[in-house]
$ cat work38.txt   # compact mmCIF, C-alpha atoms
# COMPACT_ATOMS: atom_id res chain seq x y z
CA MET A 220 87.65 -162.53 -2.87
CA LYS A 221 83.86 -162.94 -2.47
CA LEU A 222 81.63 -159.94 -1.87
CA ARG A 223 79.23 -160.33 1.03
CA MET A 224 75.91 -158.49 0.64
CA PRO A 225 74.61 -156.81 3.78
CA VAL A 226 71.79 -158.57 5.60
CA THR A 227 69.73 -155.40 5.34
CA PHE A 228 69.86 -155.63 1.54
CA PHE A 229 68.15 -159.02 1.53
CA PHE A 230 65.63 -157.78 4.08
CA MET A 231 64.74 -154.74 1.96
CA LEU A 232 64.54 -156.93 -1.14
CA SER A 233 62.11 -159.25 0.62
CA LEU A 234 59.96 -156.26 1.62
CA LEU A 235 59.77 -155.11 -2.00
CA VAL A 236 58.70 -158.55 -3.16
CA ALA A 237 56.15 -158.98 -0.37
CA GLY A 238 54.84 -155.46 -0.94
CA SER A 239 53.93 -156.07 -4.57
CA ALA A 240 50.30 -155.58 -5.59
CA SER A 241 49.58 -159.31 -5.58
CA ALA A 242 50.90 -159.77 -2.05
CA GLN A 243 49.36 -156.75 -0.32
CA ALA A 244 46.75 -157.29 2.35
CA SER A 245 43.44 -156.39 0.72
CA VAL A 246 39.79 -157.32 0.24
CA TYR A 247 39.89 -160.46 -1.90
CA ASN A 248 36.17 -161.18 -2.34
CA LEU A 249 32.99 -159.15 -1.86
CA THR A 250 29.41 -160.42 -2.18
CA VAL A 251 26.36 -158.17 -1.80
CA PRO A 252 22.62 -158.85 -2.28
CA SER A 253 21.56 -158.59 -5.94
CA THR A 254 18.46 -156.61 -4.86
CA ILE A 255 17.76 -154.60 -1.72
CA THR A 256 14.15 -153.45 -1.73
CA ASP A 257 14.49 -151.38 1.44
CA PRO A 258 18.10 -150.44 2.22
CA LEU A 259 17.05 -148.85 5.51
CA ALA A 260 15.72 -152.19 6.76
CA GLY A 261 19.28 -153.56 6.85
CA PHE A 262 21.31 -155.89 4.62
CA THR A 263 24.34 -158.17 4.89
CA ILE A 264 27.68 -157.83 3.11
CA ASN A 265 29.92 -160.92 2.83
CA TYR A 266 33.65 -160.55 2.25
CA SER A 267 37.05 -162.18 2.70
CA LEU A 268 40.52 -160.73 3.18
CA GLY A 269 43.90 -161.96 2.01
CA GLY A 270 47.51 -161.05 1.41
CA SER A 271 49.95 -159.70 3.99
CA LYS A 272 51.69 -156.60 5.31
CA TRP A 273 55.31 -156.00 6.26
CA GLY A 274 57.25 -153.44 8.20
CA VAL A 275 56.52 -150.81 10.80
CA GLY A 276 52.78 -150.42 11.58
CA ALA A 277 51.88 -153.63 9.75
CA ALA A 278 50.03 -155.08 12.72
CA SER A 279 46.78 -153.26 11.87
CA ALA A 280 44.82 -152.08 8.85
CA GLU A 281 41.73 -149.99 8.23
CA LEU A 282 38.74 -151.78 6.68
CA ARG A 283 36.13 -149.50 5.06
CA PHE A 284 32.80 -150.02 3.27
CA TYR A 285 31.00 -147.47 1.11
CA ILE A 286 27.98 -147.05 -1.13
CA SER A 287 28.62 -145.32 -4.44
CA ALA A 288 26.82 -144.44 -7.65
CA SER A 289 29.85 -145.68 -9.62
CA PRO A 290 31.90 -148.90 -9.40
CA ASN A 291 35.16 -147.00 -8.86
CA GLY A 292 33.84 -144.71 -6.13
CA SER A 293 34.09 -141.55 -8.24
CA THR A 294 30.51 -140.31 -7.66
CA GLY A 295 27.84 -140.39 -4.97
CA VAL A 296 30.04 -141.91 -2.27
CA ALA A 297 28.83 -142.33 1.33
CA THR A 298 30.35 -144.33 4.19
CA LEU A 299 28.58 -147.48 5.37
CA ALA A 300 31.09 -148.62 8.02
CA GLY A 301 34.78 -148.62 8.88
CA TRP A 302 37.11 -149.84 11.63
CA GLN A 303 40.66 -150.91 12.42
CA ILE A 304 41.38 -154.64 12.27
CA HIS A 305 44.25 -156.56 13.90
CA LEU A 306 46.69 -158.49 11.69
CA SER A 307 48.53 -161.53 13.03
CA GLY A 308 52.31 -161.63 12.91
CA SER A 309 55.50 -160.47 14.65
CA GLY A 310 58.61 -158.43 14.07
CA TRP A 311 58.80 -156.96 10.59
CA GLY A 312 56.22 -159.42 9.29
CA PRO A 313 54.58 -160.87 7.46
CA TYR A 314 51.27 -159.85 9.11
CA TYR A 315 48.08 -161.54 7.95
CA PRO A 316 44.44 -160.35 8.11
CA PRO A 317 41.71 -162.61 9.55
CA SER A 318 41.05 -165.53 7.23
CA GLY A 319 37.83 -167.10 6.02
CA ASN A 320 34.46 -165.69 5.05
CA GLN A 321 33.24 -162.77 7.11
CA SER A 322 30.07 -160.68 7.13
CA LEU A 323 28.90 -157.20 8.03
CA TYR A 324 25.28 -156.36 8.81
CA VAL A 325 24.48 -152.78 7.77
CA SER A 326 21.49 -150.93 9.21
CA ARG A 327 20.44 -147.33 9.69
CA TRP A 328 21.47 -147.58 13.35
CA ASN A 329 25.17 -148.10 12.64
CA MET A 330 25.86 -145.72 9.74
CA PRO A 331 26.47 -141.95 9.51
CA ALA A 332 23.53 -139.55 9.25
CA ASN A 333 24.42 -138.44 5.71
CA THR A 334 24.39 -142.08 4.57
CA VAL A 335 20.96 -142.57 6.15
CA ALA A 336 19.72 -139.51 4.23
CA LEU A 337 21.09 -140.95 0.96
CA LEU A 338 19.41 -144.32 1.57
CA GLU A 339 16.15 -142.55 2.43
CA SER A 340 16.25 -140.81 -0.95
CA ILE A 341 16.99 -144.13 -2.69
CA SER A 342 14.08 -145.79 -0.87
CA ALA A 343 11.74 -142.95 -1.85
CA ALA A 344 12.73 -142.98 -5.53
CA CYS A 345 10.01 -143.95 -8.01
CA ALA A 346 12.04 -146.79 -9.56
CA PRO A 347 14.89 -149.10 -8.43
CA GLN A 348 18.42 -147.78 -8.94
CA THR A 349 21.75 -149.54 -9.41
CA TRP A 350 24.25 -148.72 -6.66
CA TYR A 351 27.61 -150.22 -5.79
CA ILE A 352 28.88 -151.47 -2.46
CA LEU A 353 32.63 -150.84 -2.19
CA ALA A 354 35.13 -152.37 0.23
CA GLU A 355 38.79 -151.47 0.76
CA LEU A 356 41.54 -152.50 3.19
CA ASP A 357 43.91 -149.60 3.82
CA TRP A 358 44.40 -147.95 0.39
CA THR A 359 44.84 -151.01 -1.78
CA GLY A 360 41.94 -150.39 -4.17
CA TYR A 361 38.22 -151.13 -4.11
CA LYS A 362 36.37 -154.35 -4.53
CA ASN A 363 32.82 -153.58 -5.70
CA GLY A 364 29.49 -155.36 -5.95
CA PRO A 365 26.41 -153.96 -7.75
CA THR A 366 22.96 -154.08 -6.21
CA LEU A 367 19.53 -152.87 -7.31
CA MET A 368 18.06 -150.72 -4.54
CA GLY A 369 14.47 -149.59 -4.03
CA THR A 370 11.11 -150.52 -5.53
CA THR A 371 8.79 -149.29 -8.25
CA LYS A 372 6.34 -146.76 -6.79
CA GLN A 373 2.84 -146.00 -8.04
CA PRO A 374 1.86 -142.43 -8.93
CA ASP A 375 -0.19 -140.34 -6.51
CA LEU A 376 -2.27 -137.53 -7.99
CA TYR A 377 -3.23 -134.75 -5.60
CA PHE A 378 -4.01 -131.03 -5.73
CA SER A 379 -1.12 -128.91 -4.48
CA SER A 380 -2.75 -125.47 -4.84
CA GLY A 381 -5.60 -123.56 -6.46
CA THR A 382 -7.54 -120.28 -6.42
CA ILE A 383 -11.05 -119.05 -7.18
CA SER A 384 -11.71 -115.43 -8.09
CA PRO A 385 -14.07 -113.96 -7.17
CA ALA A 386 -15.26 -116.16 -4.33
CA ALA A 387 -18.76 -114.66 -4.46
CA ILE A 388 -20.92 -113.84 -7.51
CA ARG A 389 -24.49 -113.03 -8.44
CA PRO A 390 -26.72 -115.60 -10.20
CA GLY A 391 -25.66 -115.72 -13.85
CA GLY A 392 -22.17 -114.50 -12.95
CA THR A 393 -18.76 -115.93 -13.78
CA THR A 394 -15.93 -116.97 -11.50
CA ASN A 395 -12.43 -118.11 -12.50
CA ILE A 396 -10.70 -121.14 -11.08
CA SER A 397 -7.11 -122.31 -11.40
CA PHE A 398 -5.35 -125.28 -9.88
CA ASP A 399 -2.17 -127.37 -9.79
CA VAL A 400 -2.38 -131.15 -9.74
CA THR A 401 0.81 -133.04 -8.92
CA THR A 402 2.31 -136.51 -8.89
CA ARG A 403 5.90 -137.24 -7.89
CA CYS A 404 6.01 -140.67 -9.53
CA PRO A 405 4.93 -140.88 -13.19
CA THR A 406 1.62 -142.05 -14.58
CA SER A 407 1.70 -144.23 -17.69
CA SER A 408 -1.37 -142.60 -19.21
CA GLY A 409 -3.21 -139.32 -19.21
CA SER A 410 -6.29 -138.69 -17.09
CA ARG A 411 -8.95 -136.07 -16.41
CA VAL A 412 -9.78 -133.73 -13.57
CA GLY A 413 -13.53 -133.61 -13.02
CA ILE A 414 -15.17 -130.35 -11.93
CA TYR A 415 -18.46 -130.61 -10.05
CA LEU A 416 -20.87 -128.31 -8.25
CA ALA A 417 -21.86 -129.34 -4.73
CA ASP A 418 -23.94 -127.79 -1.99
CA ALA A 419 -22.55 -126.44 1.30
CA ASN A 420 -22.40 -130.02 2.65
CA TYR A 421 -20.44 -131.34 -0.37
CA GLN A 422 -23.41 -133.22 -1.82
CA LEU A 423 -22.91 -133.21 -5.60
CA LEU A 424 -25.46 -131.28 -7.64
CA SER A 425 -24.07 -130.99 -11.15
CA PHE A 426 -21.21 -131.99 -13.43
CA ILE A 427 -19.50 -128.83 -14.70
CA GLY A 428 -16.83 -130.33 -16.97
CA ALA A 429 -13.42 -131.99 -17.18
CA VAL A 430 -9.81 -130.99 -17.84
CA SER A 431 -7.35 -133.41 -19.45
CA ILE A 432 -3.86 -133.78 -18.05
CA GLY A 433 -0.92 -135.62 -19.55
CA SER A 434 1.05 -138.67 -18.49
CA GLY A 435 4.36 -138.64 -16.65
CA ALA A 436 5.37 -136.90 -13.44
CA GLY A 437 5.37 -133.33 -12.20
CA THR A 438 2.73 -130.62 -11.86
CA TRP A 439 0.04 -129.72 -14.36
CA SER A 440 -1.59 -126.30 -14.08
CA LEU A 441 -4.97 -125.00 -15.15
CA PRO A 442 -4.69 -121.25 -15.78
CA PRO A 443 -7.55 -119.02 -14.55
CA THR A 444 -10.58 -120.33 -16.44
CA GLY A 445 -14.13 -119.02 -16.22
CA ILE A 446 -17.19 -120.94 -15.05
CA THR A 447 -20.51 -119.19 -15.76
CA PHE A 448 -23.54 -120.06 -13.66
CA SER A 449 -27.21 -120.09 -14.60
CA PRO A 450 -29.19 -116.93 -13.84
CA TYR A 451 -31.78 -119.29 -12.31
CA ILE A 452 -29.46 -120.80 -9.72
CA ALA A 453 -30.67 -120.39 -6.14
CA THR A 454 -28.64 -118.13 -3.91
CA GLY A 455 -26.59 -119.71 -1.14
CA THR A 456 -23.24 -121.28 -0.37
CA TYR A 457 -21.83 -123.82 -2.81
CA ASN A 458 -18.63 -125.77 -3.34
CA ILE A 459 -16.85 -126.35 -6.64
CA VAL A 460 -15.37 -129.81 -6.13
CA LEU A 461 -12.38 -131.11 -8.10
CA PHE A 462 -11.57 -134.80 -8.56
CA ALA A 463 -8.22 -135.92 -9.95
CA ASP A 464 -8.42 -139.04 -12.16
CA MET A 465 -12.21 -138.81 -12.32
CA ASP A 466 -12.41 -141.87 -14.60
CA GLY A 467 -10.28 -144.08 -12.37
CA TYR A 468 -7.74 -144.86 -15.09
CA VAL A 469 -4.63 -144.39 -12.91
CA ALA A 470 -3.70 -146.92 -10.23
CA GLU A 471 -2.41 -144.76 -7.38
CA SER A 472 -0.58 -145.39 -4.13
CA ASN A 473 -3.23 -143.30 -2.35
CA GLU A 474 -6.75 -143.10 -3.75
CA ASN A 475 -8.06 -141.03 -0.83
CA ASN A 476 -6.45 -137.66 -1.56
CA ASN A 477 -7.83 -136.93 -5.03
CA ALA A 478 -10.42 -134.30 -4.08
CA GLY A 479 -10.26 -130.56 -3.41
CA ALA A 480 -12.91 -127.84 -3.23
CA PHE A 481 -13.48 -124.10 -3.64
CA GLN A 482 -16.20 -122.44 -1.58
CA LEU A 483 -18.41 -120.12 -3.67
CA GLY A 484 -21.07 -117.75 -2.45
CA ILE A 485 -23.96 -116.83 -4.81
CA ASN A 486 -26.17 -113.92 -3.74
CA TRP A 487 -27.94 -110.86 -5.12
CA ASN A 488 -25.83 -108.40 -3.16
CA ALA A 489 -23.96 -106.84 -6.04
CA MET A 490 -21.61 -104.88 -3.78
CA ALA A 491 -20.60 -107.98 -1.81
CA ALA A 492 -20.13 -110.02 -4.97
CA ALA A 493 -18.15 -107.35 -6.76
CA GLY A 494 -15.87 -106.77 -3.78
CA SER A 495 -15.20 -110.43 -3.04
CA GLU A 496 -11.57 -111.45 -2.85
CA GLU A 497 -10.18 -114.66 -4.26
CA GLY A 498 -10.45 -117.89 -2.32
CA LYS A 499 -8.04 -120.79 -1.91
CA LEU A 500 -8.56 -124.42 -2.80
CA GLU A 501 -9.31 -126.61 0.21
CA LEU A 502 -6.91 -129.51 -0.27
CA GLN A 503 -7.47 -133.24 0.21
CA ILE A 504 -11.09 -133.12 1.32
CA GLN A 505 -12.92 -136.33 2.17
CA PRO A 506 -16.29 -136.26 0.34
CA PRO A 507 -19.25 -137.53 2.42
CA PHE A 508 -20.23 -140.01 -0.29
CA GLU A 509 -18.84 -142.89 -2.31
CA SER A 510 -17.13 -140.85 -4.99
CA GLY A 511 -17.06 -143.45 -7.78
CA ALA A 512 -20.82 -143.95 -7.94
CA ALA A 513 -21.57 -140.25 -7.43
CA LEU A 514 -19.22 -139.17 -10.19
CA TYR A 515 -20.52 -141.79 -12.59
CA ASN A 516 -24.11 -140.67 -12.08
CA LEU A 517 -23.29 -137.03 -12.78
CA LYS A 518 -20.51 -136.89 -15.35
CA SER A 519 -22.62 -138.21 -18.21
CA SER A 520 -25.38 -135.66 -17.69
CA ALA A 521 -25.48 -132.25 -19.35
CA PRO A 522 -25.17 -128.99 -17.39
CA ASP A 523 -28.52 -127.89 -16.02
CA ASN A 524 -30.04 -124.93 -14.20
CA TYR A 525 -27.00 -124.73 -11.96
CA VAL A 526 -24.26 -123.92 -14.44
CA GLN A 527 -23.70 -123.24 -18.12
CA GLU A 528 -21.63 -125.60 -20.26
CA PHE A 529 -17.91 -125.55 -19.48
CA HIS A 530 -15.25 -126.01 -22.14
CA TYR A 531 -11.52 -126.49 -21.66
CA ASP A 532 -10.10 -128.77 -24.34
CA ALA A 533 -6.38 -128.00 -24.18
CA GLU A 534 -4.20 -130.65 -22.54
CA LEU A 535 -2.21 -129.26 -19.65
$ encode --input "work38.txt" --output "structure tokens"
Amino acid sequence: MKLRMPVTFFFMLSLLVAGSASAQASVYNLTVPSTITDPLAGFTINYSLGGSKWGVGAASAELRFYISASPNGSTGVATLAGWQIHLSGSGWGPYYPPSGNQSLYVSRWNMPANTVALLESISAACAPQTWYILAELDWTGYKNGPTLMGTTKQPDLYFSSGTISPAAIRPGGTTNISFDVTTRCPTSSGSRVGIYLADANYQLLSFIGAVSIGSGAGTWSLPPTGITFSPYIATGTYNIVLFADMDGYVAESNENNNAGAFQLGINWNAMAAAGSEEGKLELQIQPPFESGAALYNLKSSAPDNYVQEFHYDAEL
């Protein structure tokens, strides 16, 4: 007597075979640009799908694309796009995804806000970074493609804060200045901050001295440091002008924000001078002269009847 196996047994067996890892509907190929200089400007992802699905609910699948800091999607993951796709077939299957090469154009206008924020930070980074584009159909595992995102940025030295105390002195008196000079992207070499005396209209009168700062990125700070003026200096309103990268050694993304100034009053009114409060650094001033020539003409000359010699040799 022959045993007859139920039809359902063969059907279930075929589902198990078709549902193996090699037969599942999934992303078969993924191609992304090798470099994306500005990810917010938009880029194209090319991909193809393959395999099949069986059973209840096999007529559709969810296709998703991500950006990630790791090839397996374990860190820094953000969604680029995702949608349901229709699979062709009938009954219990098999159901097949669309065939052939396909493409997705990704731009800031069709991605979530948190992904836009991530791409903005990548675009603003000082150097290109390797990121991974991931693609997955349902939950069958990622295909990934690496891409180098962003560009190399130049440094930008600028004064972020500073104080002068006191802001008014008598001739022959001393005032103390401090400042912070900052660059987000690193410099490859050190530079100097030039300190100059100017009149009330920012016309340079005298070179006071220079402060060395190191290479790299971040903020360098000058602690309160005294500047002593000549007892023969005329009374009036002056400006102590600061120039970052006074020698022009650093190629910067913005060469027009390197100057700042403290206003200083010099008068014989001892009470006014003694009671003067500290002043703040005026940031990112635009000097009314061609700074390169003016600085060159002054920085090689010795202090004169305006100010005594200034020394600050320590590197910040």
$ closest_residue --input "work38.txt" --among "A:Leu337, A:Ala387, A:Leu441, A:Ala419" --to "Thr401 (chain A)" --atoms "only C-alpha atoms"
A:Leu441
$ closest_residue --input "work38.txt" --among "A:Asn333, A:Asn486, A:Thr406, A:Ser397" --to "Cys345 (chain A)" --atoms "all atoms listed in the file"
A:Thr406
$ residues_around --input "work38.txt" --residues "Arg327 (chain A)" --least-positions-apart "3" --cutoff "7 Å" --atoms "all atoms listed in the file" --output "list in words"
Leu259, Gly261, Met330 and Val335 of chain A
$ closest_atom_pairs --input "work38.txt" --of "region 376-455 of chain A" --to "region 466-473 of chain A" --cutoff "8 Å" --atoms "only C-alpha atoms" --output "JSON lines"
{"residue": "A:Leu376", "atom": "CA", "partner": "A:Glu471", "partner_atom": "CA", "distance": 7.3}
{"residue": "A:Thr406", "atom": "CA", "partner": "A:Val469", "partner_atom": "CA", "distance": 6.9}
{"residue": "A:Ser407", "atom": "CA", "partner": "A:Val469", "partner_atom": "CA", "distance": 7.9}
{"residue": "A:Ser408", "atom": "CA", "partner": "A:Val469", "partner_atom": "CA", "distance": 7.3}
{"residue": "A:Ser410", "atom": "CA", "partner": "A:Tyr468", "partner_atom": "CA", "distance": 6.6}
{"residue": "A:Arg411", "atom": "CA", "partner": "A:Asp466", "partner_atom": "CA", "distance": 7.0}
$ closest_residue --input "work38.txt" --among "A:Gly364, A:Gly498, A:Gly433, A:Gly381" --to "Ala288 (chain A)" --atoms "all atoms listed in the file"
A:Gly364
